[in-house]
$ cat model_34.pdb   # PDB, C-alpha atoms
ATOM      1  CA  MET O   1     238.392  53.043 -21.454
ATOM      2  CA  SER O   2     237.425  51.672 -18.057
ATOM      3  CA  LEU O   3     234.078  52.917 -16.797
ATOM      4  CA  ASP O   4     232.839  53.156 -13.221
ATOM      5  CA  VAL O   5     229.219  54.176 -13.656
ATOM      6  CA  ALA O   6     228.696  53.967  -9.896
ATOM      7  CA  THR O   7     230.448  57.339  -9.638
ATOM      8  CA  LEU O   8     227.894  58.989 -11.963
ATOM      9  CA  ASP O   9     225.175  61.061 -10.265
ATOM     10  CA  MET O  10     221.974  59.770 -11.877
ATOM     11  CA  THR O  11     219.507  61.620  -9.669
ATOM     12  CA  THR O  12     216.791  63.720 -11.259
ATOM     13  CA  ARG O  13     213.932  65.903 -10.061
ATOM     14  CA  ILE O  14     210.313  66.146 -11.154
ATOM     15  CA  GLY O  15     208.653  68.909  -9.221
ATOM     16  CA  ALA O  16     208.890  68.078  -5.527
ATOM     17  CA  LEU O  17     209.950  64.516  -6.317
ATOM     18  CA  THR O  18     213.599  63.457  -6.352
ATOM     19  CA  LEU O  19     214.374  60.154  -8.090
ATOM     20  CA  PRO O  20     217.595  58.140  -7.680
ATOM     21  CA  ASN O  21     217.725  57.610 -11.438
ATOM     22  CA  PRO O  22     215.667  58.703 -14.459
ATOM     23  CA  LEU O  23     214.359  55.305 -15.639
ATOM     24  CA  MET O  24     210.690  54.411 -15.343
ATOM     25  CA  THR O  25     208.316  51.900 -16.807
ATOM     26  CA  ALA O  26     205.782  53.240 -19.315
ATOM     27  CA  SER O  27     202.115  53.121 -18.411
ATOM     28  CA  GLY O  28     200.267  50.106 -19.758
ATOM     29  CA  CYS O  29     203.335  47.982 -20.468
ATOM     30  CA  ALA O  30     203.924  46.370 -17.075
ATOM     31  CA  ALA O  31     200.650  46.709 -15.122
ATOM     32  CA  ALA O  32     201.831  47.746 -11.628
ATOM     33  CA  GLY O  33     205.221  46.086 -11.923
ATOM     34  CA  ARG O  34     204.585  42.660 -10.422
ATOM     35  CA  GLU O  35     205.468  40.822 -13.621
ATOM     36  CA  LEU O  36     208.775  42.649 -13.992
ATOM     37  CA  HIS O  37     209.629  42.078 -10.333
ATOM     38  CA  GLN O  38     210.309  38.424 -11.217
ATOM     39  CA  PHE O  39     213.315  39.593 -13.238
ATOM     40  CA  PHE O  40     214.664  42.501 -11.174
ATOM     41  CA  ASP O  41     213.796  44.575  -8.139
ATOM     42  CA  VAL O  42     211.458  47.266  -9.448
ATOM     43  CA  ALA O  43     212.474  49.494  -6.532
ATOM     44  CA  GLU O  44     215.809  49.925  -8.346
ATOM     45  CA  LEU O  45     214.055  51.984 -11.023
ATOM     46  CA  GLY O  46     213.485  55.676 -10.611
ATOM     47  CA  ALA O  47     209.759  54.922 -10.560
ATOM     48  CA  VAL O  48     207.106  52.466 -11.662
ATOM     49  CA  VAL O  49     204.401  54.080 -13.770
ATOM     50  CA  THR O  50     201.228  52.055 -13.405
ATOM     51  CA  LYS O  51     198.696  51.133 -16.046
ATOM     52  CA  SER O  52     196.030  53.838 -16.224
ATOM     53  CA  VAL O  53     193.370  53.319 -13.583
ATOM     54  CA  MET O  54     189.767  54.463 -13.832
ATOM     55  CA  SER O  55     187.007  54.785 -11.248
ATOM     56  CA  ALA O  56     185.178  51.548 -11.990
ATOM     57  CA  PRO O  57     186.343  48.144 -13.239
ATOM     58  CA  ARG O  58     186.601  48.044 -17.022
ATOM     59  CA  SER O  59     186.743  45.005 -19.306
ATOM     60  CA  GLY O  60     188.325  46.781 -22.244
ATOM     61  CA  ARG O  61     187.825  46.217 -25.945
ATOM     62  CA  ASP O  62     187.039  43.038 -27.826
ATOM     63  CA  THR O  63     189.848  40.804 -29.026
ATOM     64  CA  PRO O  64     192.110  40.806 -30.955
ATOM     65  CA  ARG O  65     193.538  43.814 -29.180
ATOM     66  CA  MET O  66     197.199  43.735 -30.228
ATOM     67  CA  ALA O  67     198.929  43.548 -33.593
ATOM     68  CA  GLU O  68     202.621  43.535 -34.454
ATOM     69  CA  THR O  69     204.053  45.852 -37.085
ATOM     70  CA  ASP O  70     207.441  45.903 -38.802
ATOM     71  CA  SER O  71     208.823  48.313 -36.240
ATOM     72  CA  GLY O  72     206.546  48.133 -33.242
ATOM     73  CA  MET O  73     203.040  47.145 -32.272
ATOM     74  CA  LEU O  74     199.504  48.451 -32.137
ATOM     75  CA  ASN O  75     197.370  48.009 -29.047
ATOM     76  CA  SER O  76     193.687  48.552 -28.557
ATOM     77  CA  ILE O  77     193.274  47.377 -24.965
ATOM     78  CA  GLY O  78     190.597  49.880 -24.061
ATOM     79  CA  LEU O  79     191.925  50.757 -20.592
ATOM     80  CA  GLN O  80     191.023  47.414 -19.092
ATOM     81  CA  GLY O  81     191.491  47.500 -15.328
ATOM     82  CA  PRO O  82     190.138  46.650 -11.881
ATOM     83  CA  GLY O  83     189.049  50.155 -10.886
ATOM     84  CA  ILE O  84     190.475  52.477  -8.249
ATOM     85  CA  ASP O  85     189.330  50.538  -5.160
ATOM     86  CA  ALA O  86     191.008  47.290  -6.176
ATOM     87  CA  PHE O  87     194.059  49.182  -7.425
ATOM     88  CA  VAL O  88     194.582  50.900  -4.075
ATOM     89  CA  GLU O  89     193.949  47.744  -2.074
ATOM     90  CA  LYS O  90     196.194  45.439  -4.102
ATOM     91  CA  ASP O  91     198.553  47.177  -6.538
ATOM     92  CA  LEU O  92     199.404  50.346  -4.636
ATOM     93  CA  ALA O  93     199.795  48.372  -1.424
ATOM     94  CA  TRP O  94     202.194  45.982  -3.180
ATOM     95  CA  LEU O  95     204.273  48.836  -4.604
ATOM     96  CA  ARG O  96     204.607  50.291  -1.092
ATOM     97  CA  GLU O  97     205.573  46.889   0.251
ATOM     98  CA  VAL O  98     208.470  46.442  -2.193
ATOM     99  CA  GLY O  99     209.656  50.024  -1.747
ATOM    100  CA  ALA O 100     208.966  51.203  -5.301
ATOM    101  CA  ARG O 101     208.162  54.814  -6.118
ATOM    102  CA  ALA O 102     204.689  54.731  -7.667
ATOM    103  CA  VAL O 103     203.676  57.152 -10.386
ATOM    104  CA  VAL O 104     199.978  56.412 -10.749
ATOM    105  CA  SER O 105     198.465  56.951 -14.177
ATOM    106  CA  ILE O 106     194.818  57.971 -14.127
ATOM    107  CA  ALA O 107     192.278  58.065 -16.940
ATOM    108  CA  GLY O 108     188.717  59.282 -17.120
ATOM    109  CA  SER O 109     185.821  59.885 -19.450
ATOM    110  CA  SER O 110     185.026  63.230 -17.820
ATOM    111  CA  VAL O 111     186.807  66.014 -15.961
ATOM    112  CA  GLN O 112     184.948  65.005 -12.798
ATOM    113  CA  GLU O 113     186.224  61.432 -12.995
ATOM    114  CA  PHE O 114     189.817  62.651 -13.252
ATOM    115  CA  ARG O 115     189.235  64.942 -10.269
ATOM    116  CA  ASP O 116     187.691  62.179  -8.162
ATOM    117  CA  LEU O 117     190.545  59.776  -8.940
ATOM    118  CA  ALA O 118     193.173  62.340  -8.007
ATOM    119  CA  ALA O 119     191.357  63.233  -4.788
ATOM    120  CA  ARG O 120     191.253  59.565  -3.805
ATOM    121  CA  LEU O 121     194.941  59.007  -4.553
ATOM    122  CA  ALA O 122     195.951  62.159  -2.685
ATOM    123  CA  GLN O 123     194.752  60.458   0.505
ATOM    124  CA  GLU O 124     196.769  57.290  -0.054
ATOM    125  CA  PRO O 125     200.352  56.776   1.164
ATOM    126  CA  GLY O 126     202.923  55.690  -1.386
ATOM    127  CA  VAL O 127     201.819  57.850  -4.332
ATOM    128  CA  ALA O 128     204.969  59.569  -5.586
ATOM    129  CA  ALA O 129     203.284  61.365  -8.499
ATOM    130  CA  ILE O 130     200.154  61.298 -10.647
ATOM    131  CA  GLU O 131     200.382  60.985 -14.431
ATOM    132  CA  VAL O 132     197.248  62.323 -16.078
ATOM    133  CA  ASN O 133     196.442  60.322 -19.199
ATOM    134  CA  ILE O 134     194.502  62.969 -21.094
ATOM    135  CA  SER O 135     194.650  60.956 -24.318
ATOM    136  CA  CYS O 136     191.276  59.437 -23.445
ATOM    137  CA  PRO O 137     187.864  59.820 -25.126
ATOM    138  CA  ASN O 138     186.025  62.843 -23.785
ATOM    139  CA  VAL O 139     182.471  61.539 -23.767
ATOM    140  CA  ALA O 140     181.155  64.987 -22.858
ATOM    141  CA  ASN O 141     182.643  66.373 -26.057
ATOM    142  CA  ARG O 142     181.506  64.030 -28.852
ATOM    143  CA  GLY O 143     184.255  61.493 -28.341
ATOM    144  CA  LEU O 144     187.137  63.920 -28.835
ATOM    145  CA  VAL O 145     190.380  63.395 -26.924
ATOM    146  CA  PHE O 146     191.193  65.771 -24.060
ATOM    147  CA  ALA O 147     194.835  66.051 -25.160
ATOM    148  CA  CYS O 148     193.944  67.252 -28.656
ATOM    149  CA  GLU O 149     192.421  70.575 -27.628
ATOM    150  CA  PRO O 150     194.103  73.127 -25.321
ATOM    151  CA  THR O 151     191.019  74.086 -23.308
ATOM    152  CA  SER O 152     189.975  70.477 -22.691
ATOM    153  CA  ALA O 153     193.508  69.472 -21.715
ATOM    154  CA  ALA O 154     193.767  72.400 -19.320
ATOM    155  CA  SER O 155     190.404  71.652 -17.719
ATOM    156  CA  VAL O 156     191.519  68.155 -16.724
ATOM    157  CA  VAL O 157     194.932  69.225 -15.447
ATOM    158  CA  SER O 158     193.419  72.099 -13.471
ATOM    159  CA  ALA O 159     190.872  69.800 -11.829
ATOM    160  CA  VAL O 160     193.548  67.290 -10.845
ATOM    161  CA  ARG O 161     195.949  69.947  -9.570
ATOM    162  CA  ALA O 162     193.196  71.494  -7.414
ATOM    163  CA  VAL O 163     192.807  68.327  -5.309
ATOM    164  CA  THR O 164     196.429  67.149  -5.304
ATOM    165  CA  PRO O 165     198.876  68.423  -2.655
ATOM    166  CA  PRO O 166     202.045  70.202  -3.848
ATOM    167  CA  SER O 167     204.134  67.291  -2.554
ATOM    168  CA  ILE O 168     202.660  65.066  -5.291
ATOM    169  CA  PRO O 169     203.719  66.220  -8.780
ATOM    170  CA  VAL O 170     201.097  66.161 -11.533
ATOM    171  CA  LEU O 171     202.364  64.998 -14.939
ATOM    172  CA  ALA O 172     200.278  65.624 -18.059
ATOM    173  CA  LYS O 173     200.755  62.916 -20.699
ATOM    174  CA  LEU O 174     200.510  64.439 -24.170
ATOM    175  CA  SER O 175     199.413  62.966 -27.479
ATOM    176  CA  PRO O 176     201.522  63.415 -30.630
ATOM    177  CA  ASP O 177     198.352  63.392 -32.734
ATOM    178  CA  VAL O 178     197.963  67.182 -32.602
ATOM    179  CA  THR O 179     198.763  70.103 -34.884
ATOM    180  CA  ASP O 180     200.862  72.021 -32.346
ATOM    181  CA  ILE O 181     202.122  70.109 -29.316
ATOM    182  CA  VAL O 182     203.706  73.279 -27.894
ATOM    183  CA  GLU O 183     200.251  74.856 -27.674
ATOM    184  CA  ILE O 184     198.886  71.845 -25.779
ATOM    185  CA  ALA O 185     201.943  71.789 -23.519
ATOM    186  CA  ALA O 186     201.502  75.469 -22.723
ATOM    187  CA  SER O 187     197.857  74.965 -21.779
ATOM    188  CA  CYS O 188     198.743  72.107 -19.423
ATOM    189  CA  VAL O 189     201.572  74.022 -17.751
ATOM    190  CA  SER O 190     199.333  77.076 -17.326
ATOM    191  CA  ALA O 191     196.726  74.827 -15.712
ATOM    192  CA  GLY O 192     199.220  73.637 -13.115
ATOM    193  CA  ALA O 193     201.060  70.634 -14.547
ATOM    194  CA  ASP O 194     204.369  70.153 -12.745
ATOM    195  CA  ALA O 195     205.780  68.106 -15.643
ATOM    196  CA  LEU O 196     204.914  66.785 -19.094
ATOM    197  CA  THR O 197     205.133  63.191 -20.309
ATOM    198  CA  MET O 198     205.760  62.865 -24.048
ATOM    199  CA  ILE O 199     204.578  61.028 -25.946
ATOM    200  CA  ASN O 200     201.575  58.752 -25.891
ATOM    201  CA  THR O 201     201.051  56.331 -28.759
ATOM    202  CA  LEU O 202     200.257  57.374 -32.334
ATOM    203  CA  LEU O 203     196.917  56.324 -33.784
ATOM    204  CA  GLY O 204     197.257  53.635 -36.450
ATOM    205  CA  VAL O 205     195.529  50.820 -38.343
ATOM    206  CA  VAL O 206     196.938  47.467 -39.454
ATOM    207  CA  ILE O 207     195.153  45.442 -42.152
ATOM    208  CA  ASP O 208     195.452  41.673 -42.510
ATOM    209  CA  THR O 209     196.093  41.252 -46.239
ATOM    210  CA  ASP O 210     195.035  37.568 -46.189
ATOM    211  CA  ARG O 211     191.687  38.187 -44.496
ATOM    212  CA  MET O 212     191.538  41.668 -46.075
ATOM    213  CA  ARG O 213     190.219  43.318 -42.940
ATOM    214  CA  PRO O 214     191.693  45.261 -39.993
ATOM    215  CA  ARG O 215     193.529  43.051 -37.517
ATOM    216  CA  LEU O 216     192.224  44.820 -34.420
ATOM    217  CA  ALA O 217     188.640  44.345 -33.300
ATOM    218  CA  GLY O 218     188.552  48.025 -32.374
ATOM    219  CA  LEU O 219     189.923  48.949 -35.827
ATOM    220  CA  THR O 220     192.363  51.610 -34.624
ATOM    221  CA  GLY O 221     195.117  51.167 -32.076
ATOM    222  CA  GLY O 222     198.018  52.981 -30.499
ATOM    223  CA  LEU O 223     201.347  52.530 -32.281
ATOM    224  CA  SER O 224     204.360  52.105 -29.986
ATOM    225  CA  GLY O 225     207.887  50.794 -30.381
ATOM    226  CA  PRO O 226     210.958  51.921 -32.351
ATOM    227  CA  ALA O 227     208.917  53.541 -35.132
ATOM    228  CA  VAL O 228     207.666  56.299 -32.843
ATOM    229  CA  ARG O 229     210.988  57.322 -31.276
ATOM    230  CA  PRO O 230     211.819  60.042 -33.845
ATOM    231  CA  VAL O 231     208.361  61.499 -33.225
ATOM    232  CA  ALA O 232     208.979  61.477 -29.469
ATOM    233  CA  VAL O 233     212.358  63.158 -29.939
ATOM    234  CA  ARG O 234     210.753  65.795 -32.169
ATOM    235  CA  CYS O 235     207.988  66.560 -29.669
ATOM    236  CA  ILE O 236     210.406  66.774 -26.745
ATOM    237  CA  TRP O 237     212.741  68.959 -28.805
ATOM    238  CA  GLN O 238     209.982  71.382 -29.801
ATOM    239  CA  VAL O 239     208.584  71.769 -26.288
ATOM    240  CA  SER O 240     212.039  72.039 -24.737
ATOM    241  CA  ALA O 241     213.009  74.681 -27.303
ATOM    242  CA  ALA O 242     209.846  76.634 -26.504
ATOM    243  CA  MET O 243     210.774  76.561 -22.823
ATOM    244  CA  ARG O 244     214.282  77.790 -23.580
ATOM    245  CA  SER O 245     212.955  80.630 -25.698
ATOM    246  CA  GLY O 246     210.465  81.689 -23.031
ATOM    247  CA  ARG O 247     207.356  80.730 -24.995
ATOM    248  CA  LEU O 248     206.236  78.646 -22.030
ATOM    249  CA  PRO O 249     207.461  78.163 -18.465
ATOM    250  CA  THR O 250     210.142  75.556 -17.883
ATOM    251  CA  VAL O 251     208.936  72.302 -16.338
ATOM    252  CA  PRO O 252     210.483  68.822 -16.429
ATOM    253  CA  ILE O 253     209.798  66.606 -19.433
ATOM    254  CA  VAL O 254     209.512  62.844 -19.103
ATOM    255  CA  GLY O 255     210.364  61.194 -22.418
ATOM    256  CA  VAL O 256     208.733  58.031 -23.692
ATOM    257  CA  GLY O 257     208.502  56.367 -27.085
ATOM    258  CA  GLY O 258     210.428  53.533 -28.707
ATOM    259  CA  VAL O 259     213.301  53.304 -26.226
ATOM    260  CA  ARG O 260     215.141  49.969 -26.497
ATOM    261  CA  THR O 261     218.711  50.871 -25.493
ATOM    262  CA  GLY O 262     220.677  53.352 -23.462
ATOM    263  CA  LEU O 263     221.518  55.302 -26.612
ATOM    264  CA  ASP O 264     217.817  55.512 -27.465
ATOM    265  CA  ALA O 265     217.213  56.947 -24.010
ATOM    266  CA  LEU O 266     220.112  59.354 -24.475
ATOM    267  CA  GLU O 267     218.417  60.784 -27.586
ATOM    268  CA  LEU O 268     215.377  61.760 -25.547
ATOM    269  CA  VAL O 269     217.572  63.192 -22.785
ATOM    270  CA  LEU O 270     219.676  65.281 -25.167
ATOM    271  CA  ALA O 271     216.439  66.640 -26.651
ATOM    272  CA  GLY O 272     215.293  67.778 -23.194
ATOM    273  CA  ALA O 273     213.892  64.856 -21.186
ATOM    274  CA  CYS O 274     214.871  64.668 -17.507
ATOM    275  CA  ALA O 275     213.488  61.129 -17.180
ATOM    276  CA  VAL O 276     212.789  58.273 -19.597
ATOM    277  CA  GLN O 277     210.084  55.628 -19.652
ATOM    278  CA  VAL O 278     210.615  52.179 -21.178
ATOM    279  CA  GLY O 279     207.605  50.281 -22.472
ATOM    280  CA  THR O 280     207.103  48.075 -25.520
ATOM    281  CA  VAL O 281     210.583  46.504 -25.441
ATOM    282  CA  ALA O 282     209.729  44.942 -22.053
ATOM    283  CA  PHE O 283     207.323  42.555 -23.775
ATOM    284  CA  HIS O 284     210.264  40.572 -25.169
ATOM    285  CA  ASP O 285     212.961  41.724 -22.720
ATOM    286  CA  PRO O 286     211.463  42.114 -19.232
ATOM    287  CA  SER O 287     214.779  43.314 -17.830
ATOM    288  CA  ALA O 288     214.951  46.188 -20.347
ATOM    289  CA  PRO O 289     214.125  49.083 -17.963
ATOM    290  CA  LEU O 290     217.065  48.271 -15.681
ATOM    291  CA  ARG O 291     219.344  47.404 -18.602
ATOM    292  CA  VAL O 292     218.570  50.728 -20.292
ATOM    293  CA  ARG O 293     219.345  52.538 -17.038
ATOM    294  CA  ASP O 294     222.804  50.991 -16.903
ATOM    295  CA  GLU O 295     223.452  51.505 -20.622
ATOM    296  CA  LEU O 296     222.433  55.152 -20.322
ATOM    297  CA  ALA O 297     224.796  55.648 -17.389
ATOM    298  CA  ALA O 298     227.669  54.105 -19.367
ATOM    299  CA  ALA O 299     226.875  56.243 -22.436
ATOM    300  CA  LEU O 300     226.859  59.405 -20.339
ATOM    301  CA  GLN O 301     230.192  58.629 -18.737
ATOM    302  CA  GLU O 302     231.730  57.770 -22.108
ATOM    303  CA  ARG O 303     230.761  61.276 -23.226
ATOM    304  CA  GLY O 304     232.349  62.932 -20.221
ATOM    305  CA  PHE O 305     229.292  63.617 -18.059
ATOM    306  CA  SER O 306     229.599  63.219 -14.303
ATOM    307  CA  ARG O 307     225.950  64.120 -13.643
ATOM    308  CA  PHE O 308     222.871  62.974 -15.521
ATOM    309  CA  SER O 309     221.278  66.398 -15.130
ATOM    310  CA  ASP O 310     224.065  68.015 -17.178
ATOM    311  CA  ALA O 311     223.026  65.957 -20.230
ATOM    312  CA  VAL O 312     219.381  67.074 -20.161
ATOM    313  CA  GLY O 313     218.810  69.247 -23.227
ATOM    314  CA  HIS O 314     222.512  69.224 -24.091
ATOM    315  CA  ALA O 315     221.802  69.013 -27.842
ATOM    316  CA  HIS O 316     220.176  72.456 -27.662
ATOM    317  CA  ARG O 317     223.328  73.898 -26.122
ATOM    318  CA  VAL O 318     225.575  72.246 -28.701
ATOM    319  CA  LEU O 319     223.440  73.664 -31.509
ATOM    320  CA  ALA O 320     223.441  77.139 -29.981
ATOM    321  CA  GLU O 321     227.229  77.076 -29.720
ATOM    322  CA  GLY O 322     227.509  76.100 -33.380
ATOM    323  CA  LYS O 323     229.453  72.923 -32.693
TER     324      LYS O 323
END

$ encode --input "model_34.pdb" --output "structure tokens"
Amino acid sequence: MSLDVATLDMTTRIGALTLPNPLMTASGCAAAGRELHQFFDVAELGAVVTKSVMSAPRSGRDTPRMAETDSGMLNSIGLQGPGIDAFVEKDLAWLREVGARAVVSIAGSSVQEFRDLAARLAQEPGVAAIEVNISCPNVANRGLVFACEPTSAASVVSAVRAVTPPSIPVLAKLSPDVTDIVEIAASCVSAGADALTMINTLLGVVIDTDRMRPRLAGLTGGLSGPAVRPVAVRCIWQVSAAMRSGRLPTVPIVGVGGVRTGLDALELVLAGACAVQVGTVAFHDPSAPLRVRDELAAALQERGFSRFSDAVGHAHRVLAEGK
């Protein structure tokens, strides 16, 4: 069958933001996109999601900070970054210059830091959306993670939403390391999140059996890559199902986790994701985000879709119809 994917409507919406296609980079896997721009025009993506930025420069954790696994990798970078001032001056300015839609990921060790970061970004041109990385240590709460407790998650999202104009969607990035991700999702939506990003990495440990000690200097790290995709699909499915049943209000879901191909992306879309982020695969295939976009478009057209939006959550409809 001959395919003309150019005729497929790939647009998608996240709150007030309309994207020409649903493919994004995943935070932390391509900095602010400069490295990938050597291989393709990053403005062709739906959006570039930046590495999480914090208020002050941060050196990150000791090395080694990355370790391969059989089906992915662990990272323990420690949110290394230049701080918000340098980010705005260099990275955000560059993204504006090349015409990319910038979804800025922010991270903080306190609710106030998240609020201050969002307030600063709200004043800057070129910020398409803010992704709130609540899977960060909450130093005010004995090192717990904001995303693992509904009240803490909601407090961060509420603070960010309060200083961010309605024209800039706020995305809450959720952790899979929780008992009930629907409960966390509901707390974030109630606090004002315009969309949910699922999922962040899973906590893991890799041990060097020759040296008989953990490979990462920080001991634990975030597992990403193909191994986590079924977990991402499950989380998206559960939250999407809860929205369909009325357990929580319907907001867009941005899927992320182990996407290597267009069919991988399609899994997340059929489960309920209206956009897809591509991350770990870009380390060995820098052109992957654009390739996955084109493969997803071809897969949709092969299955008879003329609009991307019609495929979002389609697996729920098929199940309900008993097909």

$ resolve_selection --input "model_34.pdb" --expression "the PyMOL selection byres ((chain O and resi 122) around 8)" --output "PDB file with C-alpha atoms, in the frame of the given file"
ATOM      1  CA  ALA O 118     193.173  62.340  -8.007  1.00  0.00           C
ATOM      2  CA  ALA O 119     191.357  63.233  -4.788  1.00  0.00           C
ATOM      3  CA  ARG O 120     191.253  59.565  -3.805  1.00  0.00           C
ATOM      4  CA  LEU O 121     194.941  59.007  -4.553  1.00  0.00           C
ATOM      5  CA  GLN O 123     194.752  60.458   0.505  1.00  0.00           C
ATOM      6  CA  GLU O 124     196.769  57.290  -0.054  1.00  0.00           C
ATOM      7  CA  PRO O 125     200.352  56.776   1.164  1.00  0.00           C
ATOM      8  CA  VAL O 127     201.819  57.850  -4.332  1.00  0.00           C
ATOM      9  CA  VAL O 163     192.807  68.327  -5.309  1.00  0.00           C
ATOM     10  CA  THR O 164     196.429  67.149  -5.304  1.00  0.00           C
ATOM     11  CA  PRO O 165     198.876  68.423  -2.655  1.00  0.00           C
ATOM     12  CA  ILE O 168     202.660  65.066  -5.291  1.00  0.00           C
TER      13      ILE O 168
END

$ resolve_selection --input "model_34.pdb" --expression "the PyMOL selection byres ((chain O and resi 263) around 8)" --output "compact mmCIF listing (two decimals) with C-alpha atoms, in the frame of the given file"
# COMPACT_ATOMS: atom_id res chain seq x y z
CA THR O 261 218.71 50.87 -25.49
CA GLY O 262 220.68 53.35 -23.46
CA ASP O 264 217.82 55.51 -27.46
CA ALA O 265 217.21 56.95 -24.01
CA LEU O 266 220.11 59.35 -24.48
CA GLU O 267 218.42 60.78 -27.59
CA GLU O 295 223.45 51.50 -20.62
CA LEU O 296 222.43 55.15 -20.32
CA ALA O 299 226.88 56.24 -22.44

$ resolve_selection --input "model_34.pdb" --expression "the PyMOL selection byres ((chain O and resi 62-79) around 9)" --output "VMD selection string"
chain O and resid 28 51 to 54 58 to 61 80 to 81 107 201 to 206 215 to 228 258 280 to 281

$ residues_around --input "model_34.pdb" --residues "Leu268 (chain O)" --least-positions-apart "5" --cutoff "7 Å" --atoms "all atoms listed in the file" --output "PDB file with C-alpha atoms, in the frame of the given file"
ATOM      1  CA  VAL O 233     212.358  63.158 -29.939  1.00  0.00           C
ATOM      2  CA  GLY O 255     210.364  61.194 -22.418  1.00  0.00           C
ATOM      3  CA  ALA O 273     213.892  64.856 -21.186  1.00  0.00           C
TER       4      ALA O 273
END

$ closest_atom_pairs --input "model_34.pdb" --of "region 182-288 of chain O" --to "region 170-175 of chain O" --cutoff "10 Å" --atoms "all atoms listed in the file" --output "JSON lines"
{"residue": "O:Ile184", "atom": "CA", "partner": "O:Leu174", "partner_atom": "CA", "distance": 7.8}
{"residue": "O:Ala185", "atom": "CA", "partner": "O:Leu174", "partner_atom": "CA", "distance": 7.5}
{"residue": "O:Cys188", "atom": "CA", "partner": "O:Ala172", "partner_atom": "CA", "distance": 6.8}
{"residue": "O:Val189", "atom": "CA", "partner": "O:Ala172", "partner_atom": "CA", "distance": 8.5}
{"residue": "O:Gly192", "atom": "CA", "partner": "O:Val170", "partner_atom": "CA", "distance": 7.9}
{"residue": "O:Ala193", "atom": "CA", "partner": "O:Val170", "partner_atom": "CA", "distance": 5.4}
{"residue": "O:Asp194", "atom": "CA", "partner": "O:Val170", "partner_atom": "CA", "distance": 5.3}
{"residue": "O:Ala195", "atom": "CA", "partner": "O:Leu171", "partner_atom": "CA", "distance": 4.7}
{"residue": "O:Leu196", "atom": "CA", "partner": "O:Ala172", "partner_atom": "CA", "distance": 4.9}
{"residue": "O:Thr197", "atom": "CA", "partner": "O:Lys173", "partner_atom": "CA", "distance": 4.4}
{"residue": "O:Met198", "atom": "CA", "partner": "O:Leu174", "partner_atom": "CA", "distance": 5.5}
{"residue": "O:Ile199", "atom": "CA", "partner": "O:Leu174", "partner_atom": "CA", "distance": 5.6}
{"residue": "O:Asn200", "atom": "CA", "partner": "O:Ser175", "partner_atom": "CA", "distance": 5.0}
{"residue": "O:Thr201", "atom": "CA", "partner": "O:Ser175", "partner_atom": "CA", "distance": 7.0}
{"residue": "O:Leu202", "atom": "CA", "partner": "O:Ser175", "partner_atom": "CA", "distance": 7.5}
{"residue": "O:Leu203", "atom": "CA", "partner": "O:Ser175", "partner_atom": "CA", "distance": 9.5}
{"residue": "O:Ala232", "atom": "CA", "partner": "O:Ser175", "partner_atom": "CA", "distance": 9.9}
{"residue": "O:Cys235", "atom": "CA", "partner": "O:Leu174", "partner_atom": "CA", "distance": 9.5}
{"residue": "O:Val251", "atom": "CA", "partner": "O:Leu171", "partner_atom": "CA", "distance": 9.9}
{"residue": "O:Pro252", "atom": "CA", "partner": "O:Leu171", "partner_atom": "CA", "distance": 9.1}
{"residue": "O:Ile253", "atom": "CA", "partner": "O:Leu171", "partner_atom": "CA", "distance": 8.8}
{"residue": "O:Val254", "atom": "CA", "partner": "O:Leu171", "partner_atom": "CA", "distance": 8.5}
{"residue": "O:Gly255", "atom": "CA", "partner": "O:Lys173", "partner_atom": "CA", "distance": 9.9}
{"residue": "O:Val256", "atom": "CA", "partner": "O:Lys173", "partner_atom": "CA", "distance": 9.8}

$ write_last_selection --input "model_34.pdb" --atoms "C-alpha atoms" --output "PDB file, in the coordinates of the input"
ATOM      1  CA  ILE O 184     198.886  71.845 -25.779  1.00  0.00           C
ATOM      2  CA  ALA O 185     201.943  71.789 -23.519  1.00  0.00           C
ATOM      3  CA  CYS O 188     198.743  72.107 -19.423  1.00  0.00           C
ATOM      4  CA  VAL O 189     201.572  74.022 -17.751  1.00  0.00           C
ATOM      5  CA  GLY O 192     199.220  73.637 -13.115  1.00  0.00           C
ATOM      6  CA  ALA O 193     201.060  70.634 -14.547  1.00  0.00           C
ATOM      7  CA  ASP O 194     204.369  70.153 -12.745  1.00  0.00           C
ATOM      8  CA  ALA O 195     205.780  68.106 -15.643  1.00  0.00           C
ATOM      9  CA  LEU O 196     204.914  66.785 -19.094  1.00  0.00           C
ATOM     10  CA  THR O 197     205.133  63.191 -20.309  1.00  0.00           C
ATOM     11  CA  MET O 198     205.760  62.865 -24.048  1.00  0.00           C
ATOM     12  CA  ILE O 199     204.578  61.028 -25.946  1.00  0.00           C
ATOM     13  CA  ASN O 200     201.575  58.752 -25.891  1.00  0.00           C
ATOM     14  CA  THR O 201     201.051  56.331 -28.759  1.00  0.00           C
ATOM     15  CA  LEU O 202     200.257  57.374 -32.334  1.00  0.00           C
ATOM     16  CA  LEU O 203     196.917  56.324 -33.784  1.00  0.00           C
ATOM     17  CA  ALA O 232     208.979  61.477 -29.469  1.00  0.00           C
ATOM     18  CA  CYS O 235     207.988  66.560 -29.669  1.00  0.00           C
ATOM     19  CA  VAL O 251     208.936  72.302 -16.338  1.00  0.00           C
ATOM     20  CA  PRO O 252     210.483  68.822 -16.429  1.00  0.00           C
ATOM     21  CA  ILE O 253     209.798  66.606 -19.433  1.00  0.00           C
ATOM     22  CA  VAL O 254     209.512  62.844 -19.103  1.00  0.00           C
ATOM     23  CA  GLY O 255     210.364  61.194 -22.418  1.00  0.00           C
ATOM     24  CA  VAL O 256     208.733  58.031 -23.692  1.00  0.00           C
TER      25      VAL O 256
END

$ atom_distance --input "model_34.pdb" --atom1 "CA of Gly279 (chain O)" --atom2 "CA of Asp208 (chain O)"
25.0 Å
